[in-house]
Amino acid sequence: MFPAGSLQQEPEDGKGNIIATQIRPSGKGRTRQWVIDDSLKMLDKVIGDRFGLIPPISFYGKSHTKENAHELFAVVVDVDYVGKQQLKNLLKQFGNGVQLRPTYLVSSGKGVHLYYFLQEPVQLYRNREEVLAELKEAFIRRLWNDTSSIRPDSPRLAAGAKIVTM
């Protein structure tokens with residue numbers, strides 16, 4: 001998702017970093033965040049963890065706030081309440097061109113996360129906020145419907161995509 005050279009290699013080189021979050025179950029330690037640069041060294045801290053998040057966005061600094069958002073590398077949509085028939089419907093729609101085929105389709109337990117990788121990252125300037133919010137809403141309206149979800153009335157975004165609306 002983050003091509004080599006797209007993240008910070010040296011301090012203040014104008015590129016952002018990934019901010020990965022480890023979420024620990026209650027009583028098992030505290031939630032931690034890791035800043036990951038182009039070397040990907042700190043990625044080992046999150047891989048294999050029971051629950052971790054890596055938004056498809058690079059950030060300046062050490063926190064993932066909209067003020068620190070730098071570039072968007074993918075759009076991620078979470079479709080919840082996906083049963084066997086809904087998954088079949090989605091796959092058929094991807095195959096026949098009714099729905100835009102995602103780069104990756106990932107099971108999220110009771111649903112799916114649809115990852116749409118961008119060919120080039122989008123700079124997250126404030127003047128693009130409205131257009132990106134409209135794009136996000138269009139993805140949700142198109143993907144989360146009565147053929148893709150048992151509960152089509154409850155659309156929402158995957159955690160990574162929430163940051164798109166700055």
# chains A, B, ... in the order shown; residues from 1 in each chain; ligands from 1
$ residues_around --residues "Pro3 (chain A)" --least-positions-apart "3" --cutoff "10 Å" --atoms "only C-alpha atoms" --output "PDB file with N, CA, C and O atoms, in the first residue's frame"
ATOM      1  N   SER A   6       8.006   6.135  -0.549  1.00  0.00           N
ATOM      2  CA  SER A   6       6.881   7.057  -0.350  1.00  0.00           C
ATOM      3  C   SER A   6       6.789   7.589   1.077  1.00  0.00           C
ATOM      4  O   SER A   6       6.074   8.550   1.329  1.00  0.00           O
ATOM      5  N   LEU A   7       7.520   6.963   1.991  1.00  0.00           N
ATOM      6  CA  LEU A   7       7.510   7.405   3.383  1.00  0.00           C
ATOM      7  C   LEU A   7       8.849   8.048   3.741  1.00  0.00           C
ATOM      8  O   LEU A   7       9.834   7.919   3.015  1.00  0.00           O
ATOM      9  N   ASP A  38      10.063   4.710   6.104  1.00  0.00           N
ATOM     10  CA  ASP A  38      10.259   3.917   4.895  1.00  0.00           C
ATOM     11  C   ASP A  38      11.053   2.630   5.126  1.00  0.00           C
ATOM     12  O   ASP A  38      10.934   1.677   4.358  1.00  0.00           O
ATOM     13  N   PHE A  73      -3.273   6.939   0.448  1.00  0.00           N
ATOM     14  CA  PHE A  73      -2.773   5.898  -0.444  1.00  0.00           C
ATOM     15  C   PHE A  73      -3.854   4.918  -0.895  1.00  0.00           C
ATOM     16  O   PHE A  73      -3.666   4.184  -1.850  1.00  0.00           O
ATOM     17  N   GLU A 120      -1.540   6.801  -7.530  1.00  0.00           N
ATOM     18  CA  GLU A 120      -0.677   7.832  -6.955  1.00  0.00           C
ATOM     19  C   GLU A 120      -1.343   8.328  -5.678  1.00  0.00           C
ATOM     20  O   GLU A 120      -2.569   8.479  -5.643  1.00  0.00           O
ATOM     21  N   PRO A 121      -0.568   8.592  -4.623  1.00  0.00           N
ATOM     22  CA  PRO A 121      -1.196   9.111  -3.403  1.00  0.00           C
ATOM     23  C   PRO A 121      -1.799  10.499  -3.643  1.00  0.00           C
ATOM     24  O   PRO A 121      -1.316  11.256  -4.479  1.00  0.00           O
TER      25      PRO A 121
END
$ residues_around --residues "Ile57 (chain A)" --least-positions-apart "3" --cutoff "12 Å" --atoms "only C-alpha atoms" --output "mmCIF file with all heavy atoms, in the first residue's frame"
data_model
loop_
_atom_site.group_PDB
_atom_site.id
_atom_site.type_symbol
_atom_site.label_atom_id
_atom_site.label_comp_id
_atom_site.auth_asym_id
_atom_site.auth_seq_id
_atom_site.Cartn_x
_atom_site.Cartn_y
_atom_site.Cartn_z
ATOM 1 N N MET A 1 0.824 -1.186 0.000
ATOM 2 C CA MET A 1 0.000 0.000 0.000
ATOM 3 C C MET A 1 0.872 1.256 0.000
ATOM 4 O O MET A 1 0.491 2.250 -0.572
ATOM 5 C CB MET A 1 -0.923 -0.023 1.226
ATOM 6 C CG MET A 1 -1.823 1.148 1.299
ATOM 7 S SD MET A 1 -3.167 1.156 2.507
ATOM 8 C CE MET A 1 -2.928 -0.183 3.560
ATOM 9 N N PHE A 2 2.010 1.191 0.669
ATOM 10 C CA PHE A 2 2.931 2.309 0.735
ATOM 11 C C PHE A 2 4.182 1.932 -0.062
ATOM 12 O O PHE A 2 5.067 1.267 0.468
ATOM 13 C CB PHE A 2 3.304 2.625 2.188
ATOM 14 C CG PHE A 2 2.122 2.953 3.054
ATOM 15 C CD1 PHE A 2 1.522 1.980 3.829
ATOM 16 C CD2 PHE A 2 1.606 4.236 3.080
ATOM 17 C CE1 PHE A 2 0.427 2.270 4.628
ATOM 18 C CE2 PHE A 2 0.507 4.541 3.881
ATOM 19 C CZ PHE A 2 -0.081 3.560 4.659
ATOM 20 N N SER A 6 8.006 6.135 -0.549
ATOM 21 C CA SER A 6 6.881 7.057 -0.350
ATOM 22 C C SER A 6 6.789 7.589 1.077
ATOM 23 O O SER A 6 6.074 8.550 1.329
ATOM 24 C CB SER A 6 5.565 6.382 -0.736
ATOM 25 O OG SER A 6 5.296 5.274 0.086
ATOM 26 N N LEU A 7 7.520 6.963 1.991
ATOM 27 C CA LEU A 7 7.510 7.405 3.383
ATOM 28 C C LEU A 7 8.849 8.048 3.741
ATOM 29 O O LEU A 7 9.834 7.919 3.015
ATOM 30 C CB LEU A 7 7.235 6.207 4.312
ATOM 31 C CG LEU A 7 5.904 5.498 4.084
ATOM 32 C CD1 LEU A 7 5.831 4.234 4.929
ATOM 33 C CD2 LEU A 7 4.731 6.419 4.370
ATOM 34 N N LYS A 15 8.371 13.984 3.626
ATOM 35 C CA LYS A 15 7.466 12.846 3.486
ATOM 36 C C LYS A 15 6.871 12.495 4.845
ATOM 37 O O LYS A 15 7.431 12.802 5.878
ATOM 38 C CB LYS A 15 8.213 11.640 2.910
ATOM 39 C CG LYS A 15 8.741 11.905 1.513
ATOM 40 C CD LYS A 15 9.478 10.721 0.966
ATOM 41 C CE LYS A 15 10.035 11.057 -0.412
ATOM 42 N NZ LYS A 15 10.824 9.949 -0.934
ATOM 43 N N GLY A 16 5.738 11.832 4.806
ATOM 44 C CA GLY A 16 5.069 11.435 6.038
ATOM 45 C C GLY A 16 5.457 10.037 6.471
ATOM 46 O O GLY A 16 6.248 9.355 5.817
ATOM 47 N N ASN A 17 4.894 9.616 7.569
ATOM 48 C CA ASN A 17 5.113 8.282 8.130
ATOM 49 C C ASN A 17 3.770 7.595 8.359
ATOM 50 O O ASN A 17 2.730 8.232 8.416
ATOM 51 C CB ASN A 17 5.832 8.374 9.480
ATOM 52 C CG ASN A 17 7.233 8.891 9.345
ATOM 53 O OD1 ASN A 17 8.028 8.335 8.606
ATOM 54 N ND2 ASN A 17 7.539 9.967 10.040
ATOM 55 N N ILE A 18 3.831 6.297 8.539
ATOM 56 C CA ILE A 18 2.658 5.532 8.947
ATOM 57 C C ILE A 18 2.563 5.628 10.468
ATOM 58 O O ILE A 18 3.583 5.580 11.157
ATOM 59 C CB ILE A 18 2.815 4.044 8.579
ATOM 60 C CG1 ILE A 18 3.008 3.858 7.083
ATOM 61 C CG2 ILE A 18 1.626 3.243 9.078
ATOM 62 C CD1 ILE A 18 3.450 2.437 6.711
ATOM 63 N N ILE A 19 1.358 5.723 10.982
ATOM 64 C CA ILE A 19 1.164 5.635 12.424
ATOM 65 C C ILE A 19 0.294 4.409 12.671
ATOM 66 O O ILE A 19 -0.888 4.386 12.334
ATOM 67 C CB ILE A 19 0.542 6.906 13.002
ATOM 68 C CG1 ILE A 19 1.474 8.083 12.718
ATOM 69 C CG2 ILE A 19 0.271 6.734 14.496
ATOM 70 C CD1 ILE A 19 0.968 9.412 13.201
ATOM 71 N N ALA A 20 0.915 3.370 13.219
ATOM 72 C CA ALA A 20 0.228 2.111 13.492
ATOM 73 C C ALA A 20 -0.203 2.091 14.948
ATOM 74 O O ALA A 20 0.520 2.563 15.825
ATOM 75 C CB ALA A 20 1.158 0.935 13.201
ATOM 76 N N ILE A 36 6.116 4.562 11.814
ATOM 77 C CA ILE A 36 6.834 3.674 10.899
ATOM 78 C C ILE A 36 7.280 4.478 9.687
ATOM 79 O O ILE A 36 6.452 5.064 8.981
ATOM 80 C CB ILE A 36 5.931 2.493 10.467
ATOM 81 C CG1 ILE A 36 5.472 1.725 11.711
ATOM 82 C CG2 ILE A 36 6.651 1.594 9.473
ATOM 83 C CD1 ILE A 36 4.392 0.709 11.454
ATOM 84 N N LEU A 53 -4.239 -1.392 13.867
ATOM 85 C CA LEU A 53 -4.765 -0.555 12.794
ATOM 86 C C LEU A 53 -3.641 0.208 12.118
ATOM 87 O O LEU A 53 -2.784 0.774 12.793
ATOM 88 C CB LEU A 53 -5.778 0.457 13.346
ATOM 89 C CG LEU A 53 -7.003 -0.098 14.042
ATOM 90 C CD1 LEU A 53 -7.774 1.037 14.726
ATOM 91 C CD2 LEU A 53 -7.889 -0.818 13.061
ATOM 92 N N ILE A 54 -3.684 0.231 10.788
ATOM 93 C CA ILE A 54 -2.776 1.065 10.009
ATOM 94 C C ILE A 54 -3.632 1.776 8.967
ATOM 95 O O ILE A 54 -4.077 1.156 8.004
ATOM 96 C CB ILE A 54 -1.664 0.251 9.327
ATOM 97 C CG1 ILE A 54 -0.808 -0.442 10.372
ATOM 98 C CG2 ILE A 54 -0.815 1.164 8.441
ATOM 99 C CD1 ILE A 54 0.273 -1.331 9.801
ATOM 100 N N TYR A 60 2.428 13.587 9.086
ATOM 101 C CA TYR A 60 3.565 14.290 9.672
ATOM 102 C C TYR A 60 3.405 14.177 11.185
ATOM 103 O O TYR A 60 2.285 14.137 11.696
ATOM 104 C CB TYR A 60 3.565 15.766 9.284
ATOM 105 C CG TYR A 60 3.824 16.034 7.826
ATOM 106 C CD1 TYR A 60 2.972 16.828 7.085
ATOM 107 C CD2 TYR A 60 4.938 15.504 7.186
ATOM 108 C CE1 TYR A 60 3.216 17.099 5.757
ATOM 109 C CE2 TYR A 60 5.187 15.756 5.854
ATOM 110 C CZ TYR A 60 4.327 16.560 5.141
ATOM 111 O OH TYR A 60 4.567 16.817 3.822
ATOM 112 N N SER A 63 1.081 11.797 15.618
ATOM 113 C CA SER A 63 -0.322 11.481 15.880
ATOM 114 C C SER A 63 -1.131 11.560 14.591
ATOM 115 O O SER A 63 -0.814 12.348 13.703
ATOM 116 C CB SER A 63 -0.910 12.414 16.939
ATOM 117 O OG SER A 63 -0.870 13.750 16.497
ATOM 118 N N HIS A 64 -2.154 10.711 14.507
ATOM 119 C CA HIS A 64 -2.955 10.700 13.286
ATOM 120 C C HIS A 64 -4.175 11.603 13.434
ATOM 121 O O HIS A 64 -5.292 11.157 13.657
ATOM 122 C CB HIS A 64 -3.319 9.293 12.814
ATOM 123 C CG HIS A 64 -3.847 8.374 13.855
ATOM 124 N ND1 HIS A 64 -5.068 8.527 14.462
ATOM 125 C CD2 HIS A 64 -3.312 7.270 14.393
ATOM 126 C CE1 HIS A 64 -5.256 7.562 15.318
ATOM 127 N NE2 HIS A 64 -4.202 6.786 15.299
ATOM 128 N N THR A 65 -3.917 12.890 13.287
ATOM 129 C CA THR A 65 -4.975 13.891 13.288
ATOM 130 C C THR A 65 -5.119 14.427 11.870
ATOM 131 O O THR A 65 -4.217 14.279 11.045
ATOM 132 C CB THR A 65 -4.624 15.062 14.228
ATOM 133 O OG1 THR A 65 -3.444 15.712 13.729
ATOM 134 C CG2 THR A 65 -4.400 14.583 15.656
ATOM 135 N N LYS A 66 -6.254 15.052 11.590
ATOM 136 C CA LYS A 66 -6.436 15.592 10.243
ATOM 137 C C LYS A 66 -5.438 16.712 9.954
ATOM 138 O O LYS A 66 -5.037 16.890 8.814
ATOM 139 C CB LYS A 66 -7.874 16.052 10.019
ATOM 140 C CG LYS A 66 -8.311 17.250 10.798
ATOM 141 C CD LYS A 66 -9.746 17.590 10.445
ATOM 142 C CE LYS A 66 -10.224 18.805 11.209
ATOM 143 N NZ LYS A 66 -11.588 19.139 10.838
ATOM 144 N N ASN A 68 -2.354 16.640 10.764
ATOM 145 C CA ASN A 68 -1.089 15.971 10.438
ATOM 146 C C ASN A 68 -1.177 15.087 9.196
ATOM 147 O O ASN A 68 -0.170 14.549 8.754
ATOM 148 C CB ASN A 68 -0.619 15.121 11.612
ATOM 149 C CG ASN A 68 -0.154 15.948 12.780
ATOM 150 O OD1 ASN A 68 -0.059 17.165 12.707
ATOM 151 N ND2 ASN A 68 0.130 15.292 13.890
ATOM 152 N N ALA A 69 -2.379 14.894 8.647
ATOM 153 C CA ALA A 69 -2.548 14.017 7.481
ATOM 154 C C ALA A 69 -1.778 14.580 6.298
ATOM 155 O O ALA A 69 -1.856 15.774 5.997
ATOM 156 C CB ALA A 69 -4.020 13.870 7.146
ATOM 157 N N HIS A 70 -1.019 13.719 5.614
ATOM 158 C CA HIS A 70 -0.180 14.151 4.494
ATOM 159 C C HIS A 70 -0.684 13.607 3.161
ATOM 160 O O HIS A 70 -1.034 14.369 2.273
ATOM 161 C CB HIS A 70 1.263 13.719 4.753
ATOM 162 C CG HIS A 70 2.199 14.001 3.628
ATOM 163 N ND1 HIS A 70 2.354 15.251 3.076
ATOM 164 C CD2 HIS A 70 3.032 13.183 2.935
ATOM 165 C CE1 HIS A 70 3.252 15.195 2.090
ATOM 166 N NE2 HIS A 70 3.667 13.946 1.990
ATOM 167 N N GLU A 71 -0.713 12.279 3.005
ATOM 168 C CA GLU A 71 -1.124 11.676 1.741
ATOM 169 C C GLU A 71 -2.051 10.487 1.978
ATOM 170 O O GLU A 71 -1.859 9.710 2.909
ATOM 171 C CB GLU A 71 0.089 11.190 0.947
ATOM 172 C CG GLU A 71 0.964 12.304 0.416
ATOM 173 C CD GLU A 71 2.150 11.783 -0.372
ATOM 174 O OE1 GLU A 71 2.779 10.799 0.057
ATOM 175 O OE2 GLU A 71 2.445 12.371 -1.424
ATOM 176 N N LEU A 72 -3.011 10.328 1.071
ATOM 177 C CA LEU A 72 -3.935 9.206 1.088
ATOM 178 C C LEU A 72 -3.476 8.196 0.037
ATOM 179 O O LEU A 72 -3.295 8.550 -1.122
ATOM 180 C CB LEU A 72 -5.352 9.693 0.758
ATOM 181 C CG LEU A 72 -6.438 8.632 0.633
ATOM 182 C CD1 LEU A 72 -6.745 8.029 2.002
ATOM 183 C CD2 LEU A 72 -7.694 9.249 0.025
ATOM 184 N N PHE A 73 -3.273 6.939 0.448
ATOM 185 C CA PHE A 73 -2.773 5.898 -0.444
ATOM 186 C C PHE A 73 -3.854 4.918 -0.895
ATOM 187 O O PHE A 73 -3.666 4.184 -1.850
ATOM 188 C CB PHE A 73 -1.642 5.116 0.235
ATOM 189 C CG PHE A 73 -0.376 5.907 0.346
ATOM 190 C CD1 PHE A 73 -0.196 6.816 1.377
ATOM 191 C CD2 PHE A 73 0.633 5.762 -0.588
ATOM 192 C CE1 PHE A 73 0.966 7.558 1.481
ATOM 193 C CE2 PHE A 73 1.804 6.498 -0.498
ATOM 194 C CZ PHE A 73 1.971 7.402 0.539
ATOM 195 N N ALA A 74 -4.980 4.886 -0.181
ATOM 196 C CA ALA A 74 -6.065 3.974 -0.522
ATOM 197 C C ALA A 74 -7.357 4.469 0.104
ATOM 198 O O ALA A 74 -7.342 5.220 1.069
ATOM 199 C CB ALA A 74 -5.754 2.558 -0.015
ATOM 200 N N VAL A 75 -8.461 4.017 -0.460
ATOM 201 C CA VAL A 75 -9.769 4.236 0.134
ATOM 202 C C VAL A 75 -10.206 2.875 0.670
ATOM 203 O O VAL A 75 -10.117 1.870 -0.040
ATOM 204 C CB VAL A 75 -10.783 4.766 -0.900
ATOM 205 C CG1 VAL A 75 -12.177 4.844 -0.302
ATOM 206 C CG2 VAL A 75 -10.338 6.126 -1.424
ATOM 207 N N VAL A 76 -10.656 2.851 1.923
ATOM 208 C CA VAL A 76 -11.078 1.602 2.553
ATOM 209 C C VAL A 76 -12.527 1.758 2.982
ATOM 210 O O VAL A 76 -12.872 2.704 3.682
ATOM 211 C CB VAL A 76 -10.212 1.260 3.785
ATOM 212 C CG1 VAL A 76 -10.637 -0.070 4.381
ATOM 213 C CG2 VAL A 76 -8.736 1.254 3.417
ATOM 214 N N PHE A 117 -6.621 0.602 -3.704
ATOM 215 C CA PHE A 117 -5.326 1.282 -3.737
ATOM 216 C C PHE A 117 -5.341 2.333 -4.843
ATOM 217 O O PHE A 117 -5.866 2.089 -5.933
ATOM 218 C CB PHE A 117 -4.199 0.292 -4.017
ATOM 219 C CG PHE A 117 -3.824 -0.578 -2.839
ATOM 220 C CD1 PHE A 117 -4.685 -0.808 -1.790
ATOM 221 C CD2 PHE A 117 -2.579 -1.182 -2.808
ATOM 222 C CE1 PHE A 117 -4.328 -1.613 -0.717
ATOM 223 C CE2 PHE A 117 -2.215 -1.994 -1.748
ATOM 224 C CZ PHE A 117 -3.077 -2.207 -0.706
ATOM 225 N N LEU A 118 -4.751 3.474 -4.573
ATOM 226 C CA LEU A 118 -4.651 4.545 -5.559
ATOM 227 C C LEU A 118 -3.347 4.400 -6.332
ATOM 228 O O LEU A 118 -2.326 4.008 -5.757
ATOM 229 C CB LEU A 118 -4.711 5.904 -4.856
ATOM 230 C CG LEU A 118 -5.942 6.132 -3.960
ATOM 231 C CD1 LEU A 118 -5.828 7.470 -3.247
ATOM 232 C CD2 LEU A 118 -7.213 6.040 -4.781
ATOM 233 N N PRO A 121 -0.568 8.592 -4.623
ATOM 234 C CA PRO A 121 -1.196 9.111 -3.403
ATOM 235 C C PRO A 121 -1.799 10.499 -3.643
ATOM 236 O O PRO A 121 -1.316 11.256 -4.479
ATOM 237 C CB PRO A 121 -0.054 9.171 -2.396
ATOM 238 C CG PRO A 121 1.190 9.136 -3.200
ATOM 239 C CD PRO A 121 0.877 8.453 -4.486
ATOM 240 N N VAL A 122 -2.848 10.793 -2.909
ATOM 241 C CA VAL A 122 -3.518 12.093 -2.991
ATOM 242 C C VAL A 122 -3.031 12.955 -1.839
ATOM 243 O O VAL A 122 -3.090 12.536 -0.676
ATOM 244 C CB VAL A 122 -5.054 11.922 -2.918
ATOM 245 C CG1 VAL A 122 -5.753 13.275 -2.853
ATOM 246 C CG2 VAL A 122 -5.555 11.111 -4.098
ATOM 247 N N GLN A 123 -2.544 14.149 -2.164
ATOM 248 C CA GLN A 123 -2.123 15.095 -1.132
ATOM 249 C C GLN A 123 -3.370 15.546 -0.370
ATOM 250 O O GLN A 123 -4.369 15.911 -0.977
ATOM 251 C CB GLN A 123 -1.447 16.310 -1.766
ATOM 252 C CG GLN A 123 -0.182 15.979 -2.540
ATOM 253 C CD GLN A 123 0.973 15.667 -1.620
ATOM 254 O OE1 GLN A 123 1.174 16.338 -0.606
ATOM 255 N NE2 GLN A 123 1.737 14.653 -1.962
ATOM 256 N N LEU A 124 -3.321 15.520 0.938
ATOM 257 C CA LEU A 124 -4.488 15.839 1.762
ATOM 258 C C LEU A 124 -4.504 17.318 2.167
ATOM 259 O O LEU A 124 -4.414 17.666 3.343
ATOM 260 C CB LEU A 124 -4.547 14.915 2.971
ATOM 261 C CG LEU A 124 -4.799 13.459 2.605
ATOM 262 C CD1 LEU A 124 -4.726 12.567 3.839
ATOM 263 C CD2 LEU A 124 -6.136 13.290 1.906
ATOM 264 N N ALA A 159 -12.111 2.003 9.846
ATOM 265 C CA ALA A 159 -11.353 2.952 10.664
ATOM 266 C C ALA A 159 -10.388 3.793 9.847
ATOM 267 O O ALA A 159 -10.251 4.981 10.077
ATOM 268 C CB ALA A 159 -10.600 2.194 11.746
ATOM 269 N N GLY A 160 -9.707 3.205 8.897
ATOM 270 C CA GLY A 160 -8.748 3.949 8.099
ATOM 271 C C GLY A 160 -9.382 5.020 7.242
ATOM 272 O O GLY A 160 -8.803 6.065 7.038
ATOM 273 N N ALA A 161 -10.542 4.774 6.744
ATOM 274 C CA ALA A 161 -11.175 5.719 5.836
ATOM 275 C C ALA A 161 -11.769 6.909 6.557
ATOM 276 O O ALA A 161 -11.984 7.935 5.957
ATOM 277 C CB ALA A 161 -12.248 5.021 5.021
ATOM 278 N N LYS A 162 -12.030 6.806 7.849
ATOM 279 C CA LYS A 162 -12.627 7.915 8.582
ATOM 280 C C LYS A 162 -11.783 9.177 8.479
ATOM 281 O O LYS A 162 -12.304 10.273 8.457
ATOM 282 C CB LYS A 162 -12.812 7.547 10.050
ATOM 283 C CG LYS A 162 -13.939 6.599 10.276
ATOM 284 C CD LYS A 162 -14.079 6.305 11.749
ATOM 285 C CE LYS A 162 -15.127 5.240 11.946
ATOM 286 N NZ LYS A 162 -15.245 4.836 13.317
ATOM 287 N N ILE A 163 -10.494 9.017 8.406
ATOM 288 C CA ILE A 163 -9.591 10.165 8.431
ATOM 289 C C ILE A 163 -9.691 10.983 7.155
ATOM 290 O O ILE A 163 -9.350 12.140 7.132
ATOM 291 C CB ILE A 163 -8.148 9.675 8.664
ATOM 292 C CG1 ILE A 163 -8.108 8.940 10.000
ATOM 293 C CG2 ILE A 163 -7.164 10.812 8.673
ATOM 294 C CD1 ILE A 163 -6.905 8.130 10.230
ATOM 295 N N VAL A 164 -10.235 10.385 6.103
ATOM 296 C CA VAL A 164 -10.345 11.097 4.827
ATOM 297 C C VAL A 164 -11.160 12.370 4.988
ATOM 298 O O VAL A 164 -10.895 13.359 4.363
ATOM 299 C CB VAL A 164 -10.968 10.187 3.744
ATOM 300 C CG1 VAL A 164 -11.221 10.956 2.477
ATOM 301 C CG2 VAL A 164 -10.041 9.018 3.477
ATOM 302 N N THR A 165 -12.163 12.357 5.834
ATOM 303 C CA THR A 165 -12.977 13.558 6.026
ATOM 304 C C THR A 165 -12.286 14.444 7.052
ATOM 305 O O THR A 165 -12.499 14.324 8.234
ATOM 306 C CB THR A 165 -14.400 13.198 6.500
ATOM 307 O OG1 THR A 165 -14.306 12.388 7.652
ATOM 308 C CG2 THR A 165 -15.171 12.501 5.415
ATOM 309 N N MET A 166 -11.466 15.315 6.570
ATOM 310 C CA MET A 166 -10.646 16.144 7.448
ATOM 311 C C MET A 166 -11.420 17.235 8.130
ATOM 312 O O MET A 166 -12.347 17.776 7.789
ATOM 313 C CB MET A 166 -9.519 16.767 6.660
ATOM 314 C CG MET A 166 -8.569 15.729 6.165
ATOM 315 S SD MET A 166 -7.124 16.419 5.430
ATOM 316 C CE MET A 166 -7.695 16.776 3.810
#
$ residues_around --residues "region 107-113 of chain A" --least-positions-apart "4" --cutoff "9 Å" --atoms "only C-alpha atoms" --output "compact mmCIF listing (two decimals) with all heavy atoms, in the first residue's frame"
# COMPACT_ATOMS: atom_id res chain seq x y z
N VAL A 76 -10.66 2.85 1.92
CA VAL A 76 -11.08 1.60 2.55
C VAL A 76 -12.53 1.76 2.98
O VAL A 76 -12.87 2.70 3.68
CB VAL A 76 -10.21 1.26 3.78
CG1 VAL A 76 -10.64 -0.07 4.38
CG2 VAL A 76 -8.74 1.25 3.42
N VAL A 77 -13.36 0.83 2.53
CA VAL A 77 -14.77 0.85 2.90
C VAL A 77 -15.08 -0.44 3.65
O VAL A 77 -14.70 -1.53 3.23
CB VAL A 77 -15.69 0.97 1.66
CG1 VAL A 77 -17.15 0.93 2.06
CG2 VAL A 77 -15.37 2.25 0.89
N ASP A 78 -15.77 -0.30 4.78
CA ASP A 78 -16.16 -1.42 5.62
C ASP A 78 -17.63 -1.70 5.37
O ASP A 78 -18.47 -0.84 5.59
CB ASP A 78 -15.92 -1.05 7.08
CG ASP A 78 -16.26 -2.15 8.05
OD1 ASP A 78 -16.59 -3.26 7.65
OD2 ASP A 78 -16.22 -1.87 9.26
N VAL A 79 -17.95 -2.88 4.89
CA VAL A 79 -19.35 -3.28 4.73
C VAL A 79 -19.61 -4.34 5.80
O VAL A 79 -19.00 -5.41 5.78
CB VAL A 79 -19.64 -3.85 3.32
CG1 VAL A 79 -21.09 -4.27 3.21
CG2 VAL A 79 -19.29 -2.82 2.25
N ASP A 80 -20.48 -4.03 6.74
CA ASP A 80 -20.79 -4.94 7.84
C ASP A 80 -22.00 -5.80 7.50
O ASP A 80 -22.73 -5.52 6.55
CB ASP A 80 -21.08 -4.17 9.12
CG ASP A 80 -19.81 -3.62 9.76
OD1 ASP A 80 -18.74 -4.19 9.52
OD2 ASP A 80 -19.90 -2.61 10.47
N TYR A 81 -22.21 -6.81 8.34
CA TYR A 81 -23.36 -7.71 8.22
C TYR A 81 -23.40 -8.39 6.85
O TYR A 81 -24.42 -8.41 6.18
CB TYR A 81 -24.67 -6.95 8.49
CG TYR A 81 -24.61 -6.09 9.73
CD1 TYR A 81 -24.58 -4.71 9.63
CD2 TYR A 81 -24.53 -6.68 10.99
CE1 TYR A 81 -24.49 -3.92 10.76
CE2 TYR A 81 -24.45 -5.90 12.12
CZ TYR A 81 -24.43 -4.52 12.01
OH TYR A 81 -24.34 -3.74 13.14
N VAL A 82 -22.27 -8.95 6.47
CA VAL A 82 -22.17 -9.65 5.19
C VAL A 82 -22.25 -11.15 5.44
O VAL A 82 -21.37 -11.73 6.07
CB VAL A 82 -20.85 -9.30 4.46
CG1 VAL A 82 -20.71 -10.11 3.18
CG2 VAL A 82 -20.78 -7.81 4.18
N GLY A 83 -23.33 -11.76 4.98
CA GLY A 83 -23.50 -13.20 5.07
C GLY A 83 -22.96 -13.86 3.81
O GLY A 83 -22.43 -13.20 2.91
N LEU A 87 -21.89 -11.98 0.28
CA LEU A 87 -20.54 -12.08 -0.28
C LEU A 87 -20.60 -12.57 -1.72
O LEU A 87 -19.91 -12.04 -2.60
CB LEU A 87 -19.67 -13.01 0.58
CG LEU A 87 -18.22 -13.14 0.14
CD1 LEU A 87 -17.52 -11.78 0.10
CD2 LEU A 87 -17.48 -14.10 1.06
N SER A 149 -25.37 -6.34 2.12
CA SER A 149 -25.41 -6.36 3.59
C SER A 149 -26.80 -6.81 4.06
O SER A 149 -27.82 -6.43 3.47
CB SER A 149 -25.10 -4.98 4.15
OG SER A 149 -25.24 -4.96 5.55
N ALA A 158 -14.70 2.07 7.36
CA ALA A 158 -13.64 1.37 8.08
C ALA A 158 -12.80 2.42 8.80
O ALA A 158 -12.75 3.57 8.40
CB ALA A 158 -12.79 0.57 7.11
$ closest_residue --among "A:Gln33, A:Ile23, A:Ser39, A:Arg141" --to "Gly5 (chain A)" --atoms "only C-alpha atoms"
A:Ser39
$ select_by_dssp --residues "chain A" --states "helix (DSSP H, G or I)" --output "MDAnalysis selection string"
chainID A and resid 41:45 84:95 126:143 159:162
$ write_last_selection --atoms "C-alpha atoms" --output "short mmCIF file (atom, residue, chain, number, x, y, z; two decimals), in the first residue's frame"
data_model
loop_
_atom_site.label_atom_id
_atom_site.label_comp_id
_atom_site.auth_asym_id
_atom_site.auth_seq_id
_atom_site.Cartn_x
_atom_site.Cartn_y
_atom_site.Cartn_z
CA LYS A 41 11.53 -1.46 11.00
CA MET A 42 8.83 -0.68 13.56
CA LEU A 43 6.23 -2.63 11.58
CA ASP A 44 7.31 -5.76 13.48
CA LYS A 45 5.76 -4.21 16.60
CA LYS A 84 -22.63 -15.93 2.59
CA GLN A 85 -25.24 -14.75 0.05
CA GLN A 86 -24.16 -11.10 0.35
CA LEU A 87 -20.54 -12.08 -0.28
CA LYS A 88 -21.60 -14.05 -3.36
CA ASN A 89 -23.56 -11.01 -4.54
CA LEU A 90 -20.57 -8.71 -4.09
CA LEU A 91 -18.19 -11.07 -5.89
CA LYS A 92 -20.63 -11.42 -8.78
CA GLN A 93 -21.01 -7.63 -8.99
CA PHE A 94 -17.22 -7.19 -9.03
CA GLY A 95 -16.94 -9.80 -11.77
CA ARG A 126 -7.72 21.27 3.20
CA ASN A 127 -9.23 22.46 -0.10
CA ARG A 128 -9.69 18.80 -1.12
CA GLU A 129 -11.65 17.86 1.99
CA GLU A 130 -15.10 18.32 0.43
CA VAL A 131 -14.26 16.35 -2.73
CA LEU A 132 -12.76 13.49 -0.74
CA ALA A 133 -15.78 13.42 1.59
CA GLU A 134 -18.08 13.21 -1.46
CA LEU A 135 -15.96 10.40 -2.92
CA LYS A 136 -16.13 8.51 0.36
CA GLU A 137 -19.91 8.90 0.56
CA ALA A 138 -20.31 7.76 -3.06
CA PHE A 139 -18.28 4.60 -2.32
CA ILE A 140 -20.43 3.86 0.73
CA ARG A 141 -23.75 4.48 -1.03
CA ARG A 142 -22.73 2.31 -3.96
CA LEU A 143 -21.19 -0.58 -2.00
CA ALA A 159 -11.35 2.95 10.66
CA GLY A 160 -8.75 3.95 8.10
CA ALA A 161 -11.17 5.72 5.84
CA LYS A 162 -12.63 7.91 8.58
#
